[in-house]
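For reference, the structure discussed in these notes is given below.
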Number of protein chains: 2
Amino acid sequence: MNRTTIEDALFPDCPIRNILARISDKWSLLVIYTLDKSEKAPVRFKELQRRIPDISQKMLTVTLRTLEEDGYVTRTIYPEVPPRVEYSLTGRTKSLLPHINSLIGWALENREPIMRDRKRAAGN
Amino acid sequence: MNRTTIEDALFPDCPIRNILARISDKWSLLVIYTLDKSEKAPVRFKELQRRIPDISQKMLTVTLRTLEEDGYVTRTIYPEVPPRVEYSLTGRTKSLLPHINSLIGWALENREPIMRDRKRAAGN
DNA sequence: TCAATTAGTTACTACGATGTAACCATTGTT
DNA sequence: AACAATGGTTACATCGTAGTAACTAATTGA
């Protein structure tokens with residue numbers, strides 16, 4: 001059968017964990033978010049860099065390539081000079097975003113008590 | 001006001017990103033899941049270790065301590081010999097779990113096409 | 001007397017993720 | 001002639017996360 005269930009997600013090399021690990025790195029969600037904010041319009045590499053000021057060129061490239069491999073973004077090259085490369089989100093990512101947003105919503109609601117707990121714990 | 005909005009989640013040191021980063025490390029969700037599976041009953045340290053066979057003692061300790069700091073688990077020490085320490089989830093974690101589950105559900109639905117895309121990309 | 005049990009701590013090591021800086025090609029502009 | 005702009009790549013350095021092994025205390029059981 002080779003089915004993967006939520007239960008299987010407990011196992012260390014489970015594909016589900018693998019998928020989640022890959023988007024929970026330092027930059028992926030931020031890149032996805034930045035692309036999402038521009039709605040329909042694709043965004044150029046340099047523009048992404050400007051909108052995420054603290055990402056290095058290398059990490060932007062690496063992150064975009066990984067996202068492309070897993071089918072989260074499409075990469076379109078226009079053979080012009082200077083080069084133009086445009087990135088946009090796939091339908092897959094658009095179906096993912098509501099779940100991420102609900103998680104962010106939760107974090108938003110719980111941020112103050114969490115931070116209080118953390119601060120209190122640091123006092124010990 | 002000091003409000004944090006979803007938009008602010010773009011910023012690098014945003015508390016939201018911080019909260020999410022902290023549970024998206026290698027072991028936290030697995031520990032949370034394992035505690036959740038035991039429903040009402042608190043779980044002892046050694047029992048957790050048995051249920052997550054590949055976690056090292058050190059990482060289980062570190063993960064539990066971090067989860068405790070942020071108020072995801074409670075830690076109850078019974079001064080017996082040999083020592084007994086029991087862990088259980090807080091209400092906060094129980095409100096978080098549905099969001100995590102919906103994310104896992106999404107990963108489950110999308111796992112096959114993602115893996116296909118990834119394999120295809122590796123072929124280039 | 002020796003081992004087992006529990007819940008850790010500590011020092012050390014290893015590895016993967018990330019950052020930095022330099023470099024590339026091509027064209028238009030000053 | 002030199003520089004800016006774009007979208008990268010590469011080598012190297014560093015940083016943080018995680019893993020390994022040894023050690024601890026107190027008691028029970030063989």
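Naming scheme: A, B, ... for chains in displayed order of the structure tokens; residues 1 onward per chain; ligands 1 onward as shown.
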
With 7 Å as the limit and counting only C-alpha atoms (C1' of nucleotides), what residues in chain B lie close to chain C? Please list them as a list in words.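 Here they are: Pro82, Pro83 and Arg84 of chain B.
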
Since we have the selection now, will you write its residues out, keeping N, CA and C atoms, as a PDB file, in the first residue's frame?
```pdb
ATOM      1  N   PRO B  82      13.971   5.290  42.257  1.00  0.00           N
ATOM      2  CA  PRO B  82      14.560   6.187  41.270  1.00  0.00           C
ATOM      3  C   PRO B  82      13.629   7.343  40.934  1.00  0.00           C
ATOM      4  N   PRO B  83      14.176   8.433  40.449  1.00  0.00           N
ATOM      5  CA  PRO B  83      13.376   9.639  40.202  1.00  0.00           C
ATOM      6  C   PRO B  83      12.214   9.397  39.245  1.00  0.00           C
ATOM      7  N   ARG B  84      11.160  10.139  39.470  1.00  0.00           N
ATOM      8  CA  ARG B  84      10.027  10.088  38.535  1.00  0.00           C
ATOM      9  C   ARG B  84       9.697  11.508  38.108  1.00  0.00           C
TER      10      ARG B  84
END
```

Measuring atom to atom with only C-alpha atoms, identify which of B:Glu47, B:Glu86, B:Asp117, B:Glu109 is nearest to chain A.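 Closest candidate: B:Asp117.
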
Residues of chain A within 7 Å of chain B, counting only C-alpha atoms, as number ranges by chain: A: 4, 6, 10, 16, 19, 24, 30, 69-71, 96, 99, 102-104, 106-108, 111, 114, 117-118, 121

9 Å contacts from chain A to chain D using only C-alpha atoms (C1' of nucleotides), as a list in words: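 Residues satisfying the distance criterion: Phe45, Lys46, Gln57, Lys58, Thr61, Val81, Pro82, Pro83, Arg84 and Val85 of chain A.
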
Could you give me the residues within chain B that DSSP places in helix (DSSP H, G or I), as a JSON list (two decimals) with C-alpha atoms, in the first residue's frame?
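Generated file (out_10.json):
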```json
[["chain", "number", "residue", "atom", "x", "y", "z"],
["B", 7, "GLU", "CA", 2.42, 41.43, 7.95],
["B", 8, "ASP", "CA", 5.09, 41.94, 10.58],
["B", 9, "ALA", "CA", 5.84, 38.25, 10.37],
["B", 10, "LEU", "CA", 8.00, 39.18, 7.41],
["B", 15, "PRO", "CA", 8.29, 37.12, 17.55],
["B", 16, "ILE", "CA", 5.97, 35.09, 15.34],
["B", 17, "ARG", "CA", 8.87, 33.71, 13.36],
["B", 18, "ASN", "CA", 10.64, 33.10, 16.61],
["B", 19, "ILE", "CA", 7.75, 31.08, 18.01],
["B", 20, "LEU", "CA", 7.38, 29.01, 14.87],
["B", 21, "ALA", "CA", 11.12, 28.45, 14.55],
["B", 22, "ARG", "CA", 11.22, 27.09, 18.03],
["B", 23, "ILE", "CA", 8.69, 24.33, 17.42],
["B", 28, "SER", "CA", 9.72, 19.38, 19.25],
["B", 29, "LEU", "CA", 6.73, 18.37, 17.18],
["B", 30, "LEU", "CA", 7.60, 14.73, 17.59],
["B", 31, "VAL", "CA", 7.69, 15.09, 21.35],
["B", 32, "ILE", "CA", 4.42, 17.02, 21.34],
["B", 33, "TYR", "CA", 2.84, 14.34, 19.20],
["B", 34, "THR", "CA", 4.03, 11.57, 21.39],
["B", 35, "LEU", "CA", 2.65, 13.28, 24.46],
["B", 36, "ASP", "CA", -0.62, 13.95, 22.67],
["B", 37, "LYS", "CA", -1.03, 10.30, 21.72],
["B", 45, "PHE", "CA", 11.00, 10.68, 30.60],
["B", 46, "LYS", "CA", 12.13, 7.14, 29.98],
["B", 47, "GLU", "CA", 8.83, 6.23, 28.41],
["B", 48, "LEU", "CA", 9.14, 9.13, 25.98],
["B", 49, "GLN", "CA", 12.57, 7.92, 25.07],
["B", 50, "ARG", "CA", 11.20, 4.48, 24.35],
["B", 51, "ARG", "CA", 8.46, 5.87, 22.15],
["B", 57, "GLN", "CA", 18.89, 11.46, 25.94],
["B", 58, "LYS", "CA", 20.45, 14.86, 25.65],
["B", 59, "MET", "CA", 18.16, 16.03, 22.88],
["B", 60, "LEU", "CA", 15.10, 14.78, 24.71],
["B", 61, "THR", "CA", 16.12, 16.79, 27.75],
["B", 62, "VAL", "CA", 16.90, 19.89, 25.72],
["B", 63, "THR", "CA", 13.68, 19.65, 23.74],
["B", 64, "LEU", "CA", 11.53, 19.13, 26.81],
["B", 65, "ARG", "CA", 13.16, 22.06, 28.59],
["B", 66, "THR", "CA", 12.58, 24.38, 25.68],
["B", 67, "LEU", "CA", 8.99, 23.24, 25.36],
["B", 68, "GLU", "CA", 8.55, 23.83, 29.06],
["B", 69, "GLU", "CA", 10.00, 27.34, 28.86],
["B", 91, "GLY", "CA", -3.96, 23.80, 27.06],
["B", 92, "ARG", "CA", -1.85, 26.04, 24.87],
["B", 93, "THR", "CA", -0.46, 23.05, 23.03],
["B", 94, "LYS", "CA", -3.88, 21.51, 22.66],
["B", 95, "SER", "CA", -5.06, 24.66, 20.91],
["B", 96, "LEU", "CA", -2.00, 24.52, 18.68],
["B", 97, "LEU", "CA", -2.38, 20.93, 17.60],
["B", 98, "PRO", "CA", -5.31, 21.38, 15.20],
["B", 99, "HIS", "CA", -3.26, 23.84, 13.18],
["B", 100, "ILE", "CA", -0.32, 21.50, 13.06],
["B", 101, "ASN", "CA", -2.64, 18.68, 12.07],
["B", 102, "SER", "CA", -4.09, 20.66, 9.21],
["B", 103, "LEU", "CA", -0.57, 21.33, 8.00],
["B", 104, "ILE", "CA", 0.30, 17.66, 8.24],
["B", 105, "GLY", "CA", -2.91, 16.85, 6.43],
["B", 106, "TRP", "CA", -1.86, 19.12, 3.62],
["B", 107, "ALA", "CA", 1.58, 17.53, 3.46],
["B", 108, "LEU", "CA", -0.07, 14.14, 3.34],
["B", 109, "GLU", "CA", -2.26, 15.13, 0.41],
["B", 110, "ASN", "CA", 0.59, 16.74, -1.47],
["B", 111, "ARG", "CA", 3.38, 14.39, -0.67],
["B", 112, "GLU", "CA", 3.32, 12.33, -3.83],
["B", 113, "PRO", "CA", 3.35, 15.19, -6.34],
["B", 114, "ILE", "CA", 6.00, 16.99, -4.31],
["B", 115, "MET", "CA", 8.20, 13.93, -4.28],
["B", 116, "ARG", "CA", 7.68, 13.48, -8.00],
["B", 117, "ASP", "CA", 8.65, 17.08, -8.68],
["B", 118, "ARG", "CA", 11.70, 16.73, -6.51],
["B", 119, "LYS", "CA", 12.80, 13.57, -8.24],
["B", 120, "ARG", "CA", 12.30, 15.14, -11.64],
["B", 121, "ALA", "CA", 14.35, 18.19, -10.59],
["B", 122, "ALA", "CA", 17.14, 15.93, -9.41]]
```

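Looking only at chain B, the set that DSSP places in strand (DSSP E or B) from backbone geometry is Val43, Arg44, Val73, Thr74, Arg75, Thr76, Ile77, Tyr78, Arg84, Val85, Glu86, Tyr87, Ser88 and Leu89 of chain B.
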
Atomic separation - atom CA of Ser56 of chain B relative to atom CA of Pro79 of chain B, Å: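 Value for the atom CA of Pro79 of chain B-atom CA of Ser56 of chain B distance: 24.1 Å.
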
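Picture a line from atom CA of Glu39 of chain A to atom CA of Thr76 of chain A; it runs 16.7 Å.
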